[in-house]
>>> print(open('upload-v1.cif').read())   # mmCIF, N, CA and C atoms
data_final
loop_
_atom_site.label_atom_id
_atom_site.label_comp_id
_atom_site.auth_asym_id
_atom_site.auth_seq_id
_atom_site.Cartn_x
_atom_site.Cartn_y
_atom_site.Cartn_z
N MET A 190 298.43 -45.39 84.58
CA MET A 190 298.53 -46.80 84.89
C MET A 190 298.34 -47.66 83.63
N PHE A 191 297.31 -47.37 82.86
CA PHE A 191 297.07 -48.10 81.62
C PHE A 191 297.26 -47.13 80.46
N ASN A 192 298.46 -47.11 79.90
CA ASN A 192 298.77 -46.20 78.80
C ASN A 192 298.31 -46.70 77.45
N HIS A 193 298.25 -48.04 77.31
CA HIS A 193 297.93 -48.63 76.01
C HIS A 193 297.04 -49.85 76.22
N ILE A 194 295.86 -49.82 75.62
CA ILE A 194 294.87 -50.88 75.78
C ILE A 194 294.71 -51.60 74.45
N LEU A 195 294.70 -52.92 74.50
CA LEU A 195 294.46 -53.74 73.31
C LEU A 195 293.04 -54.30 73.39
N VAL A 196 292.30 -54.16 72.30
CA VAL A 196 290.94 -54.70 72.23
C VAL A 196 290.85 -55.62 71.02
N PRO A 197 290.85 -56.94 71.23
CA PRO A 197 290.67 -57.87 70.12
C PRO A 197 289.21 -57.88 69.66
N LEU A 198 289.00 -57.76 68.36
CA LEU A 198 287.66 -57.78 67.79
C LEU A 198 287.62 -58.82 66.67
N ASP A 199 286.54 -59.55 66.61
CA ASP A 199 286.41 -60.55 65.55
C ASP A 199 285.31 -60.19 64.55
N GLY A 200 284.78 -58.99 64.67
CA GLY A 200 283.73 -58.56 63.75
C GLY A 200 282.33 -58.82 64.25
N SER A 201 282.20 -59.48 65.39
CA SER A 201 280.87 -59.81 65.92
C SER A 201 280.40 -58.75 66.90
N GLY A 202 279.10 -58.65 67.04
CA GLY A 202 278.51 -57.77 68.03
C GLY A 202 278.90 -58.17 69.44
N LEU A 203 279.07 -59.46 69.67
CA LEU A 203 279.48 -59.92 70.99
C LEU A 203 280.86 -59.38 71.35
N ALA A 204 281.79 -59.46 70.43
CA ALA A 204 283.15 -58.96 70.71
C ALA A 204 283.13 -57.46 70.98
N GLU A 205 282.24 -56.75 70.30
CA GLU A 205 282.16 -55.30 70.46
C GLU A 205 281.64 -54.88 71.82
N THR A 206 281.07 -55.80 72.59
CA THR A 206 280.60 -55.42 73.93
C THR A 206 281.77 -55.06 74.85
N ALA A 207 282.98 -55.37 74.44
CA ALA A 207 284.16 -54.98 75.22
C ALA A 207 284.51 -53.51 74.99
N LEU A 208 284.07 -52.93 73.89
CA LEU A 208 284.46 -51.57 73.56
C LEU A 208 284.03 -50.52 74.59
N PRO A 209 282.78 -50.49 75.05
CA PRO A 209 282.42 -49.47 76.04
C PRO A 209 283.27 -49.53 77.31
N VAL A 210 283.62 -50.72 77.74
CA VAL A 210 284.46 -50.88 78.92
C VAL A 210 285.86 -50.37 78.63
N ALA A 211 286.40 -50.72 77.48
CA ALA A 211 287.73 -50.25 77.09
C ALA A 211 287.75 -48.72 76.98
N LEU A 212 286.70 -48.15 76.45
CA LEU A 212 286.63 -46.70 76.30
C LEU A 212 286.56 -46.01 77.65
N GLU A 213 285.85 -46.61 78.58
CA GLU A 213 285.76 -46.04 79.92
C GLU A 213 287.15 -46.01 80.59
N VAL A 214 287.87 -47.11 80.45
CA VAL A 214 289.22 -47.17 81.02
C VAL A 214 290.13 -46.17 80.30
N ALA A 215 290.04 -46.13 78.97
CA ALA A 215 290.87 -45.21 78.18
C ALA A 215 290.61 -43.76 78.56
N GLN A 216 289.37 -43.44 78.79
CA GLN A 216 289.04 -42.06 79.17
C GLN A 216 289.61 -41.73 80.55
N LYS A 217 289.49 -42.66 81.47
CA LYS A 217 289.97 -42.43 82.84
C LYS A 217 291.49 -42.26 82.89
N PHE A 218 292.21 -43.04 82.10
CA PHE A 218 293.68 -43.03 82.15
C PHE A 218 294.33 -42.34 80.95
N ASP A 219 293.53 -41.72 80.09
CA ASP A 219 294.04 -41.08 78.88
C ASP A 219 294.88 -42.07 78.07
N SER A 220 294.35 -43.25 77.88
CA SER A 220 295.06 -44.34 77.20
C SER A 220 294.85 -44.28 75.69
N GLU A 221 295.83 -44.80 74.98
CA GLU A 221 295.62 -45.05 73.56
C GLU A 221 295.09 -46.47 73.43
N ILE A 222 294.39 -46.73 72.35
CA ILE A 222 293.74 -48.02 72.13
C ILE A 222 294.22 -48.60 70.81
N THR A 223 294.50 -49.88 70.82
CA THR A 223 294.76 -50.59 69.57
C THR A 223 293.70 -51.67 69.41
N LEU A 224 292.99 -51.61 68.30
CA LEU A 224 292.03 -52.64 67.93
C LEU A 224 292.78 -53.66 67.09
N VAL A 225 292.61 -54.92 67.41
CA VAL A 225 293.31 -55.96 66.65
C VAL A 225 292.29 -56.97 66.13
N ARG A 226 292.51 -57.38 64.90
CA ARG A 226 291.65 -58.38 64.27
C ARG A 226 292.55 -59.47 63.73
N VAL A 227 292.29 -60.70 64.12
CA VAL A 227 293.06 -61.85 63.64
C VAL A 227 292.29 -62.46 62.47
N VAL A 228 292.96 -62.55 61.33
CA VAL A 228 292.39 -63.19 60.15
C VAL A 228 292.91 -64.61 60.12
N LEU A 229 292.00 -65.55 60.16
CA LEU A 229 292.38 -66.96 60.13
C LEU A 229 292.74 -67.39 58.72
N PRO A 230 293.75 -68.23 58.59
CA PRO A 230 294.08 -68.73 57.26
C PRO A 230 292.91 -69.56 56.73
N PRO A 231 292.62 -69.42 55.44
CA PRO A 231 291.49 -70.20 54.89
C PRO A 231 291.79 -71.69 54.92
N HIS A 232 290.79 -72.45 55.29
CA HIS A 232 290.87 -73.91 55.24
C HIS A 232 289.85 -74.37 54.22
N VAL A 233 290.34 -74.92 53.13
CA VAL A 233 289.46 -75.29 52.03
C VAL A 233 289.68 -76.76 51.69
N VAL A 234 288.58 -77.47 51.57
CA VAL A 234 288.64 -78.84 51.08
C VAL A 234 288.16 -78.78 49.64
N SER A 235 289.04 -79.15 48.74
CA SER A 235 288.73 -79.01 47.32
C SER A 235 289.47 -80.08 46.53
N HIS A 236 288.91 -80.41 45.40
CA HIS A 236 289.58 -81.33 44.49
C HIS A 236 290.57 -80.57 43.61
N THR A 237 290.56 -79.26 43.73
CA THR A 237 291.46 -78.41 42.95
C THR A 237 292.87 -78.53 43.51
N THR A 238 293.85 -78.54 42.63
CA THR A 238 295.24 -78.63 43.07
C THR A 238 296.08 -77.62 42.31
N GLY A 239 297.32 -77.51 42.71
CA GLY A 239 298.29 -76.69 42.00
C GLY A 239 297.95 -75.21 42.01
N ALA A 240 298.12 -74.58 40.85
CA ALA A 240 297.94 -73.14 40.72
C ALA A 240 296.49 -72.72 40.99
N ALA A 241 295.54 -73.54 40.59
CA ALA A 241 294.13 -73.21 40.83
C ALA A 241 293.83 -73.18 42.32
N TYR A 242 294.40 -74.12 43.07
CA TYR A 242 294.20 -74.16 44.52
C TYR A 242 294.87 -72.95 45.17
N ALA A 243 296.08 -72.64 44.76
CA ALA A 243 296.79 -71.49 45.30
C ALA A 243 296.04 -70.20 45.02
N SER A 244 295.46 -70.09 43.84
CA SER A 244 294.68 -68.91 43.47
C SER A 244 293.42 -68.80 44.34
N LEU A 245 292.79 -69.93 44.60
CA LEU A 245 291.59 -69.96 45.44
C LEU A 245 291.94 -69.50 46.86
N ILE A 246 293.00 -70.02 47.42
CA ILE A 246 293.43 -69.66 48.78
C ILE A 246 293.79 -68.18 48.84
N THR A 247 294.53 -67.70 47.84
CA THR A 247 294.92 -66.29 47.79
C THR A 247 293.70 -65.40 47.71
N GLY A 248 292.74 -65.76 46.89
CA GLY A 248 291.52 -64.97 46.75
C GLY A 248 290.72 -64.92 48.04
N LEU A 249 290.59 -66.05 48.72
CA LEU A 249 289.86 -66.08 49.99
C LEU A 249 290.57 -65.25 51.05
N ARG A 250 291.88 -65.31 51.05
CA ARG A 250 292.66 -64.54 52.03
C ARG A 250 292.51 -63.04 51.78
N GLU A 251 292.54 -62.64 50.51
CA GLU A 251 292.36 -61.23 50.17
C GLU A 251 290.99 -60.72 50.58
N ILE A 252 289.97 -61.52 50.38
CA ILE A 252 288.61 -61.14 50.79
C ILE A 252 288.54 -60.96 52.30
N ALA A 253 289.15 -61.88 53.03
CA ALA A 253 289.14 -61.79 54.50
C ALA A 253 289.87 -60.53 54.97
N TYR A 254 290.99 -60.21 54.35
CA TYR A 254 291.74 -59.01 54.72
C TYR A 254 290.96 -57.74 54.39
N GLU A 255 290.33 -57.70 53.22
CA GLU A 255 289.54 -56.53 52.84
C GLU A 255 288.40 -56.31 53.83
N GLU A 256 287.74 -57.38 54.22
CA GLU A 256 286.64 -57.26 55.19
C GLU A 256 287.16 -56.78 56.53
N ALA A 257 288.29 -57.32 56.97
CA ALA A 257 288.87 -56.91 58.25
C ALA A 257 289.30 -55.45 58.21
N GLU A 258 289.92 -55.03 57.12
CA GLU A 258 290.34 -53.63 56.98
C GLU A 258 289.15 -52.68 57.02
N SER A 259 288.11 -53.02 56.30
CA SER A 259 286.91 -52.18 56.28
C SER A 259 286.29 -52.09 57.67
N TYR A 260 286.18 -53.22 58.33
CA TYR A 260 285.59 -53.27 59.66
C TYR A 260 286.40 -52.42 60.65
N LEU A 261 287.70 -52.62 60.68
CA LEU A 261 288.55 -51.88 61.62
C LEU A 261 288.60 -50.39 61.28
N ARG A 262 288.60 -50.06 60.00
CA ARG A 262 288.60 -48.65 59.59
C ARG A 262 287.33 -47.96 60.10
N THR A 263 286.20 -48.63 60.01
CA THR A 263 284.94 -48.08 60.50
C THR A 263 284.98 -47.89 62.00
N GLN A 264 285.43 -48.92 62.73
CA GLN A 264 285.52 -48.84 64.19
C GLN A 264 286.48 -47.72 64.61
N GLN A 265 287.63 -47.69 63.98
CA GLN A 265 288.66 -46.70 64.31
C GLN A 265 288.15 -45.29 64.03
N GLY A 266 287.52 -45.08 62.90
CA GLY A 266 287.00 -43.76 62.56
C GLY A 266 285.96 -43.28 63.55
N SER A 267 285.07 -44.16 63.94
CA SER A 267 284.03 -43.81 64.91
C SER A 267 284.64 -43.41 66.26
N LEU A 268 285.62 -44.17 66.70
CA LEU A 268 286.24 -43.88 68.00
C LEU A 268 287.08 -42.61 67.95
N ARG A 269 287.73 -42.37 66.83
CA ARG A 269 288.52 -41.14 66.69
C ARG A 269 287.60 -39.92 66.71
N GLN A 270 286.43 -40.03 66.09
CA GLN A 270 285.47 -38.93 66.12
C GLN A 270 285.02 -38.62 67.54
N GLN A 271 285.07 -39.62 68.40
CA GLN A 271 284.70 -39.42 69.79
C GLN A 271 285.87 -38.90 70.63
N GLY A 272 287.03 -38.72 69.99
CA GLY A 272 288.17 -38.13 70.66
C GLY A 272 289.19 -39.11 71.21
N TYR A 273 289.08 -40.38 70.88
CA TYR A 273 290.03 -41.38 71.37
C TYR A 273 291.22 -41.50 70.43
N ARG A 274 292.38 -41.83 70.99
CA ARG A 274 293.57 -42.13 70.20
C ARG A 274 293.53 -43.63 69.89
N VAL A 275 293.26 -43.95 68.64
CA VAL A 275 293.00 -45.34 68.26
C VAL A 275 293.87 -45.75 67.08
N HIS A 276 294.43 -46.94 67.19
CA HIS A 276 295.18 -47.57 66.11
C HIS A 276 294.50 -48.90 65.81
N SER A 277 294.83 -49.48 64.69
CA SER A 277 294.30 -50.81 64.40
C SER A 277 295.39 -51.65 63.76
N GLN A 278 295.22 -52.94 63.92
CA GLN A 278 296.21 -53.87 63.38
C GLN A 278 295.50 -55.14 62.95
N ILE A 279 295.86 -55.62 61.78
CA ILE A 279 295.35 -56.90 61.28
C ILE A 279 296.52 -57.86 61.25
N VAL A 280 296.32 -59.03 61.82
CA VAL A 280 297.34 -60.07 61.80
C VAL A 280 296.69 -61.36 61.38
N ASP A 281 297.49 -62.27 60.89
CA ASP A 281 296.90 -63.56 60.53
C ASP A 281 297.64 -64.69 61.21
N GLY A 282 296.97 -65.81 61.26
CA GLY A 282 297.55 -67.01 61.85
C GLY A 282 296.64 -67.62 62.87
N GLU A 283 297.13 -68.66 63.45
CA GLU A 283 296.43 -69.33 64.54
C GLU A 283 297.44 -70.07 65.38
N PRO A 284 297.14 -70.39 66.59
CA PRO A 284 295.89 -70.15 67.30
C PRO A 284 295.71 -68.67 67.64
N VAL A 285 294.46 -68.24 67.60
CA VAL A 285 294.12 -66.84 67.77
C VAL A 285 294.67 -66.27 69.08
N ALA A 286 294.53 -66.99 70.16
CA ALA A 286 295.00 -66.50 71.47
C ALA A 286 296.50 -66.19 71.42
N ASP A 287 297.27 -67.05 70.82
CA ASP A 287 298.72 -66.82 70.74
C ASP A 287 299.04 -65.60 69.89
N ILE A 288 298.30 -65.39 68.82
CA ILE A 288 298.52 -64.25 67.95
C ILE A 288 298.21 -62.96 68.70
N ILE A 289 297.10 -62.94 69.43
CA ILE A 289 296.72 -61.75 70.22
C ILE A 289 297.79 -61.46 71.27
N LEU A 290 298.27 -62.48 71.94
CA LEU A 290 299.31 -62.28 72.95
C LEU A 290 300.61 -61.77 72.34
N ASP A 291 300.96 -62.26 71.16
CA ASP A 291 302.16 -61.78 70.47
C ASP A 291 302.03 -60.29 70.14
N VAL A 292 300.85 -59.88 69.67
CA VAL A 292 300.62 -58.47 69.36
C VAL A 292 300.73 -57.64 70.64
N ALA A 293 300.10 -58.12 71.71
CA ALA A 293 300.10 -57.39 72.99
C ALA A 293 301.53 -57.18 73.51
N GLU A 294 302.33 -58.22 73.43
CA GLU A 294 303.70 -58.12 73.93
C GLU A 294 304.59 -57.29 72.99
N GLY A 295 304.28 -57.31 71.71
CA GLY A 295 305.08 -56.58 70.74
C GLY A 295 304.84 -55.09 70.75
N LEU A 296 303.69 -54.64 71.20
CA LEU A 296 303.39 -53.20 71.12
C LEU A 296 304.12 -52.36 72.16
N PRO A 297 304.29 -52.58 73.36
CA PRO A 297 303.57 -53.42 74.31
C PRO A 297 302.33 -52.69 74.84
N VAL A 298 301.40 -53.48 75.35
CA VAL A 298 300.19 -52.91 75.94
C VAL A 298 300.19 -53.17 77.44
N ASP A 299 299.42 -52.36 78.15
CA ASP A 299 299.31 -52.48 79.61
C ASP A 299 298.07 -53.24 80.05
N LEU A 300 297.11 -53.42 79.12
CA LEU A 300 295.83 -54.04 79.46
C LEU A 300 295.20 -54.58 78.20
N ILE A 301 294.61 -55.77 78.31
CA ILE A 301 293.80 -56.32 77.23
C ILE A 301 292.36 -56.33 77.74
N VAL A 302 291.47 -55.71 76.97
CA VAL A 302 290.04 -55.73 77.29
C VAL A 302 289.36 -56.52 76.19
N MET A 303 288.68 -57.59 76.58
CA MET A 303 288.03 -58.42 75.58
C MET A 303 286.78 -59.06 76.14
N CYS A 304 285.99 -59.54 75.24
CA CYS A 304 284.72 -60.15 75.57
C CYS A 304 284.85 -61.67 75.56
N THR A 305 284.15 -62.30 76.49
CA THR A 305 284.00 -63.75 76.40
C THR A 305 282.82 -64.00 75.47
N HIS A 306 282.81 -65.09 74.78
CA HIS A 306 281.69 -65.40 73.90
C HIS A 306 280.65 -66.28 74.57
N GLY A 307 280.84 -66.56 75.84
CA GLY A 307 279.81 -67.25 76.60
C GLY A 307 279.66 -68.72 76.31
N ARG A 308 280.66 -69.32 75.69
CA ARG A 308 280.58 -70.76 75.44
C ARG A 308 280.87 -71.51 76.73
N SER A 309 280.21 -72.63 76.87
CA SER A 309 280.49 -73.49 78.00
C SER A 309 280.28 -74.92 77.57
N GLY A 310 280.64 -75.82 78.43
CA GLY A 310 280.40 -77.24 78.16
C GLY A 310 281.11 -77.73 76.92
N VAL A 311 280.40 -78.51 76.12
CA VAL A 311 280.98 -79.17 74.95
C VAL A 311 281.45 -78.15 73.91
N SER A 312 280.67 -77.09 73.67
CA SER A 312 281.10 -76.14 72.64
C SER A 312 282.41 -75.45 73.03
N ARG A 313 282.60 -75.19 74.33
CA ARG A 313 283.86 -74.60 74.77
C ARG A 313 285.00 -75.59 74.57
N TRP A 314 284.73 -76.85 74.85
CA TRP A 314 285.75 -77.88 74.69
C TRP A 314 286.10 -78.03 73.21
N VAL A 315 285.10 -78.04 72.34
CA VAL A 315 285.33 -78.23 70.91
C VAL A 315 286.01 -77.00 70.30
N PHE A 316 285.48 -75.81 70.56
CA PHE A 316 285.98 -74.60 69.93
C PHE A 316 287.11 -73.94 70.71
N GLY A 317 287.26 -74.33 71.97
CA GLY A 317 288.26 -73.68 72.81
C GLY A 317 287.77 -72.32 73.25
N SER A 318 288.49 -71.73 74.11
CA SER A 318 288.13 -70.40 74.56
C SER A 318 289.35 -69.50 74.42
N VAL A 319 289.26 -68.58 73.47
CA VAL A 319 290.35 -67.64 73.26
C VAL A 319 290.57 -66.83 74.53
N ALA A 320 289.47 -66.35 75.11
CA ALA A 320 289.58 -65.54 76.33
C ALA A 320 290.24 -66.33 77.45
N ASP A 321 289.87 -67.57 77.60
CA ASP A 321 290.45 -68.40 78.66
C ASP A 321 291.95 -68.59 78.45
N ARG A 322 292.35 -68.85 77.23
CA ARG A 322 293.76 -69.05 76.94
C ARG A 322 294.57 -67.77 77.16
N ILE A 323 293.99 -66.64 76.77
CA ILE A 323 294.68 -65.37 76.99
C ILE A 323 294.79 -65.09 78.48
N LEU A 324 293.72 -65.34 79.20
CA LEU A 324 293.72 -65.11 80.65
C LEU A 324 294.81 -65.93 81.33
N ARG A 325 294.99 -67.16 80.90
CA ARG A 325 295.97 -68.05 81.53
C ARG A 325 297.42 -67.75 81.12
N GLN A 326 297.61 -67.18 79.94
CA GLN A 326 298.97 -67.04 79.41
C GLN A 326 299.50 -65.61 79.40
N ALA A 327 298.65 -64.62 79.58
CA ALA A 327 299.08 -63.22 79.45
C ALA A 327 299.98 -62.80 80.60
N THR A 328 300.88 -61.89 80.29
CA THR A 328 301.77 -61.33 81.30
C THR A 328 301.30 -59.96 81.76
N MET A 329 300.21 -59.46 81.17
CA MET A 329 299.66 -58.16 81.55
C MET A 329 298.22 -58.36 82.03
N PRO A 330 297.64 -57.37 82.69
CA PRO A 330 296.26 -57.51 83.17
C PRO A 330 295.28 -57.73 82.02
N ILE A 331 294.25 -58.50 82.32
CA ILE A 331 293.18 -58.80 81.37
C ILE A 331 291.87 -58.39 82.01
N LEU A 332 291.05 -57.67 81.27
CA LEU A 332 289.72 -57.33 81.74
C LEU A 332 288.74 -58.04 80.81
N LEU A 333 288.05 -59.05 81.34
CA LEU A 333 287.10 -59.81 80.54
C LEU A 333 285.69 -59.27 80.78
N VAL A 334 284.98 -59.08 79.68
CA VAL A 334 283.61 -58.61 79.72
C VAL A 334 282.72 -59.77 79.31
N ARG A 335 281.76 -60.10 80.16
CA ARG A 335 280.84 -61.20 79.83
C ARG A 335 279.89 -60.74 78.73
N ALA A 336 279.84 -61.51 77.67
CA ALA A 336 278.97 -61.18 76.53
C ALA A 336 277.51 -61.34 76.91
N GLN A 337 276.73 -60.39 76.47
CA GLN A 337 275.29 -60.46 76.63
C GLN A 337 274.70 -60.57 75.23
N PRO A 338 274.07 -61.70 74.90
CA PRO A 338 273.53 -61.85 73.57
C PRO A 338 272.50 -60.77 73.27
N VAL A 339 272.53 -60.30 72.02
CA VAL A 339 271.57 -59.29 71.58
C VAL A 339 270.20 -59.97 71.43
N GLN A 340 269.21 -59.37 72.04
CA GLN A 340 267.85 -59.94 72.00
C GLN A 340 267.11 -59.52 70.76
#
>>> encode(input="upload-v1.cif", output="structure tokens")
Amino acid sequence: MFNHILVPLDGSGLAETALPVALEVAQKFDSEITLVRVVLPPHVVSHTTGAAYASLITGLREIAYEEAESYLRTQQGSLRQQGYRVHSQIVDGEPVADIILDVAEGLPVDLIVMCTHGRSGVSRWVFGSVADRILRQATMPILLVRAQPVQ
């Protein structure tokens, strides 16, 4: 039923709370898993212009990609050692929800398992809810895991 599961991760412990649920589903259905990390374009306010500004943006982007690659490589290696078929993908752009949905449709996946970050009220309005947007726009099933803050 679920041959391919997508798990969006942002590098936080909260996002990782979706992994045990995704692994349980993957084990039950012998699914492959793709971990996806969206790297946001750097937004810099600076008096620097021209080549110096371009160099700054390029450097920040490279650092973000290196961190994302290292993080996903670690996650992927750990899951493979446990016997799961795992792939990873780094993409950039925004809005994050649209990027995740594009990846899901392009692979294609049968299920997205992700964590909510537990925002509500004003912070949800200000920051938006990636999970909410994916839930409303996805064409495939979504399994949302409520984040439990680490004590």
>>> atom_distance(input="upload-v1.cif", atom1="CA of Ala327 in chain A", atom2="CA of Pro297 in chain A")
11.9 Å
>>> select_by_dssp(input="upload-v1.cif", residues="range 242-319 of chain A", states="helix (DSSP H, G or I)", output="ChimeraX atom specification")
/A:242-270,285-295,310-316,319
>>> write_last_selection(input="upload-v1.cif", atoms="N, CA and C atoms", output="compact mmCIF listing (two decimals), in the coordinates of the input")
# COMPACT_ATOMS: atom_id res chain seq x y z
N TYR A 242 294.40 -74.12 43.07
CA TYR A 242 294.20 -74.16 44.52
C TYR A 242 294.87 -72.95 45.17
N ALA A 243 296.08 -72.64 44.76
CA ALA A 243 296.79 -71.49 45.30
C ALA A 243 296.04 -70.20 45.02
N SER A 244 295.46 -70.09 43.84
CA SER A 244 294.68 -68.91 43.47
C SER A 244 293.42 -68.80 44.34
N LEU A 245 292.79 -69.93 44.60
CA LEU A 245 291.59 -69.96 45.44
C LEU A 245 291.94 -69.50 46.86
N ILE A 246 293.00 -70.02 47.42
CA ILE A 246 293.43 -69.66 48.78
C ILE A 246 293.79 -68.18 48.84
N THR A 247 294.53 -67.70 47.84
CA THR A 247 294.92 -66.29 47.79
C THR A 247 293.70 -65.40 47.71
N GLY A 248 292.74 -65.76 46.89
CA GLY A 248 291.52 -64.97 46.75
C GLY A 248 290.72 -64.92 48.04
N LEU A 249 290.59 -66.05 48.72
CA LEU A 249 289.86 -66.08 49.99
C LEU A 249 290.57 -65.25 51.05
N ARG A 250 291.88 -65.31 51.05
CA ARG A 250 292.66 -64.54 52.03
C ARG A 250 292.51 -63.04 51.78
N GLU A 251 292.54 -62.64 50.51
CA GLU A 251 292.36 -61.23 50.17
C GLU A 251 290.99 -60.72 50.58
N ILE A 252 289.97 -61.52 50.38
CA ILE A 252 288.61 -61.14 50.79
C ILE A 252 288.54 -60.96 52.30
N ALA A 253 289.15 -61.88 53.03
CA ALA A 253 289.14 -61.79 54.50
C ALA A 253 289.87 -60.53 54.97
N TYR A 254 290.99 -60.21 54.35
CA TYR A 254 291.74 -59.01 54.72
C TYR A 254 290.96 -57.74 54.39
N GLU A 255 290.33 -57.70 53.22
CA GLU A 255 289.54 -56.53 52.84
C GLU A 255 288.40 -56.31 53.83
N GLU A 256 287.74 -57.38 54.22
CA GLU A 256 286.64 -57.26 55.19
C GLU A 256 287.16 -56.78 56.53
N ALA A 257 288.29 -57.32 56.97
CA ALA A 257 288.87 -56.91 58.25
C ALA A 257 289.30 -55.45 58.21
N GLU A 258 289.92 -55.03 57.12
CA GLU A 258 290.34 -53.63 56.98
C GLU A 258 289.15 -52.68 57.02
N SER A 259 288.11 -53.02 56.30
CA SER A 259 286.91 -52.18 56.28
C SER A 259 286.29 -52.09 57.67
N TYR A 260 286.18 -53.22 58.33
CA TYR A 260 285.59 -53.27 59.66
C TYR A 260 286.40 -52.42 60.65
N LEU A 261 287.70 -52.62 60.68
CA LEU A 261 288.55 -51.88 61.62
C LEU A 261 288.60 -50.39 61.28
N ARG A 262 288.60 -50.06 60.00
CA ARG A 262 288.60 -48.65 59.59
C ARG A 262 287.33 -47.96 60.10
N THR A 263 286.20 -48.63 60.01
CA THR A 263 284.94 -48.08 60.50
C THR A 263 284.98 -47.89 62.00
N GLN A 264 285.43 -48.92 62.73
CA GLN A 264 285.52 -48.84 64.19
C GLN A 264 286.48 -47.72 64.61
N GLN A 265 287.63 -47.69 63.98
CA GLN A 265 288.66 -46.70 64.31
C GLN A 265 288.15 -45.29 64.03
N GLY A 266 287.52 -45.08 62.90
CA GLY A 266 287.00 -43.76 62.56
C GLY A 266 285.96 -43.28 63.55
N SER A 267 285.07 -44.16 63.94
CA SER A 267 284.03 -43.81 64.91
C SER A 267 284.64 -43.41 66.26
N LEU A 268 285.62 -44.17 66.70
CA LEU A 268 286.24 -43.88 68.00
C LEU A 268 287.08 -42.61 67.95
N ARG A 269 287.73 -42.37 66.83
CA ARG A 269 288.52 -41.14 66.69
C ARG A 269 287.60 -39.92 66.71
N GLN A 270 286.43 -40.03 66.09
CA GLN A 270 285.47 -38.93 66.12
C GLN A 270 285.02 -38.62 67.54
N VAL A 285 294.46 -68.24 67.60
CA VAL A 285 294.12 -66.84 67.77
C VAL A 285 294.67 -66.27 69.08
N ALA A 286 294.53 -66.99 70.16
CA ALA A 286 295.00 -66.50 71.47
C ALA A 286 296.50 -66.19 71.42
N ASP A 287 297.27 -67.05 70.82
CA ASP A 287 298.72 -66.82 70.74
C ASP A 287 299.04 -65.60 69.89
N ILE A 288 298.30 -65.39 68.82
CA ILE A 288 298.52 -64.25 67.95
C ILE A 288 298.21 -62.96 68.70
N ILE A 289 297.10 -62.94 69.43
CA ILE A 289 296.72 -61.75 70.22
C ILE A 289 297.79 -61.46 71.27
N LEU A 290 298.27 -62.48 71.94
CA LEU A 290 299.31 -62.28 72.95
C LEU A 290 300.61 -61.77 72.34
N ASP A 291 300.96 -62.26 71.16
CA ASP A 291 302.16 -61.78 70.47
C ASP A 291 302.03 -60.29 70.14
N VAL A 292 300.85 -59.88 69.67
CA VAL A 292 300.62 -58.47 69.36
C VAL A 292 300.73 -57.64 70.64
N ALA A 293 300.10 -58.12 71.71
CA ALA A 293 300.10 -57.39 72.99
C ALA A 293 301.53 -57.18 73.51
N GLU A 294 302.33 -58.22 73.43
CA GLU A 294 303.70 -58.12 73.93
C GLU A 294 304.59 -57.29 72.99
N GLY A 295 304.28 -57.31 71.71
CA GLY A 295 305.08 -56.58 70.74
C GLY A 295 304.84 -55.09 70.75
N GLY A 310 280.64 -75.82 78.43
CA GLY A 310 280.40 -77.24 78.16
C GLY A 310 281.11 -77.73 76.92
N VAL A 311 280.40 -78.51 76.12
CA VAL A 311 280.98 -79.17 74.95
C VAL A 311 281.45 -78.15 73.91
N SER A 312 280.67 -77.09 73.67
CA SER A 312 281.10 -76.14 72.64
C SER A 312 282.41 -75.45 73.03
N ARG A 313 282.60 -75.19 74.33
CA ARG A 313 283.86 -74.60 74.77
C ARG A 313 285.00 -75.59 74.57
N TRP A 314 284.73 -76.85 74.85
CA TRP A 314 285.75 -77.88 74.69
C TRP A 314 286.10 -78.03 73.21
N VAL A 315 285.10 -78.04 72.34
CA VAL A 315 285.33 -78.23 70.91
C VAL A 315 286.01 -77.00 70.30
N PHE A 316 285.48 -75.81 70.56
CA PHE A 316 285.98 -74.60 69.93
C PHE A 316 287.11 -73.94 70.71
N VAL A 319 289.26 -68.58 73.47
CA VAL A 319 290.35 -67.64 73.26
C VAL A 319 290.57 -66.83 74.53
>>> residues_near_point(input="upload-v1.cif", point="(299.2, -48.6, 75.8)", cutoff="8 Å", atoms="only N, CA and C atoms", output="compact mmCIF listing (two decimals) with N, CA and C atoms, keeping the file's coordinate frame")
# COMPACT_ATOMS: atom_id res chain seq x y z
N MET A 190 298.43 -45.39 84.58
CA MET A 190 298.53 -46.80 84.89
C MET A 190 298.34 -47.66 83.63
N PHE A 191 297.31 -47.37 82.86
CA PHE A 191 297.07 -48.10 81.62
C PHE A 191 297.26 -47.13 80.46
N ASN A 192 298.46 -47.11 79.90
CA ASN A 192 298.77 -46.20 78.80
C ASN A 192 298.31 -46.70 77.45
N HIS A 193 298.25 -48.04 77.31
CA HIS A 193 297.93 -48.63 76.01
C HIS A 193 297.04 -49.85 76.22
N ILE A 194 295.86 -49.82 75.62
CA ILE A 194 294.87 -50.88 75.78
C ILE A 194 294.71 -51.60 74.45
N LEU A 195 294.70 -52.92 74.50
CA LEU A 195 294.46 -53.74 73.31
C LEU A 195 293.04 -54.30 73.39
N SER A 220 294.35 -43.25 77.88
CA SER A 220 295.06 -44.34 77.20
C SER A 220 294.85 -44.28 75.69
N GLU A 221 295.83 -44.80 74.98
CA GLU A 221 295.62 -45.05 73.56
C GLU A 221 295.09 -46.47 73.43
N ILE A 222 294.39 -46.73 72.35
CA ILE A 222 293.74 -48.02 72.13
C ILE A 222 294.22 -48.60 70.81
N THR A 223 294.50 -49.88 70.82
CA THR A 223 294.76 -50.59 69.57
C THR A 223 293.70 -51.67 69.41
N LEU A 296 303.69 -54.64 71.20
CA LEU A 296 303.39 -53.20 71.12
C LEU A 296 304.12 -52.36 72.16
N PRO A 297 304.29 -52.58 73.36
CA PRO A 297 303.57 -53.42 74.31
C PRO A 297 302.33 -52.69 74.84
N VAL A 298 301.40 -53.48 75.35
CA VAL A 298 300.19 -52.91 75.94
C VAL A 298 300.19 -53.17 77.44
N ASP A 299 299.42 -52.36 78.15
CA ASP A 299 299.31 -52.48 79.61
C ASP A 299 298.07 -53.24 80.05
N LEU A 300 297.11 -53.42 79.12
CA LEU A 300 295.83 -54.04 79.46
C LEU A 300 295.20 -54.58 78.20
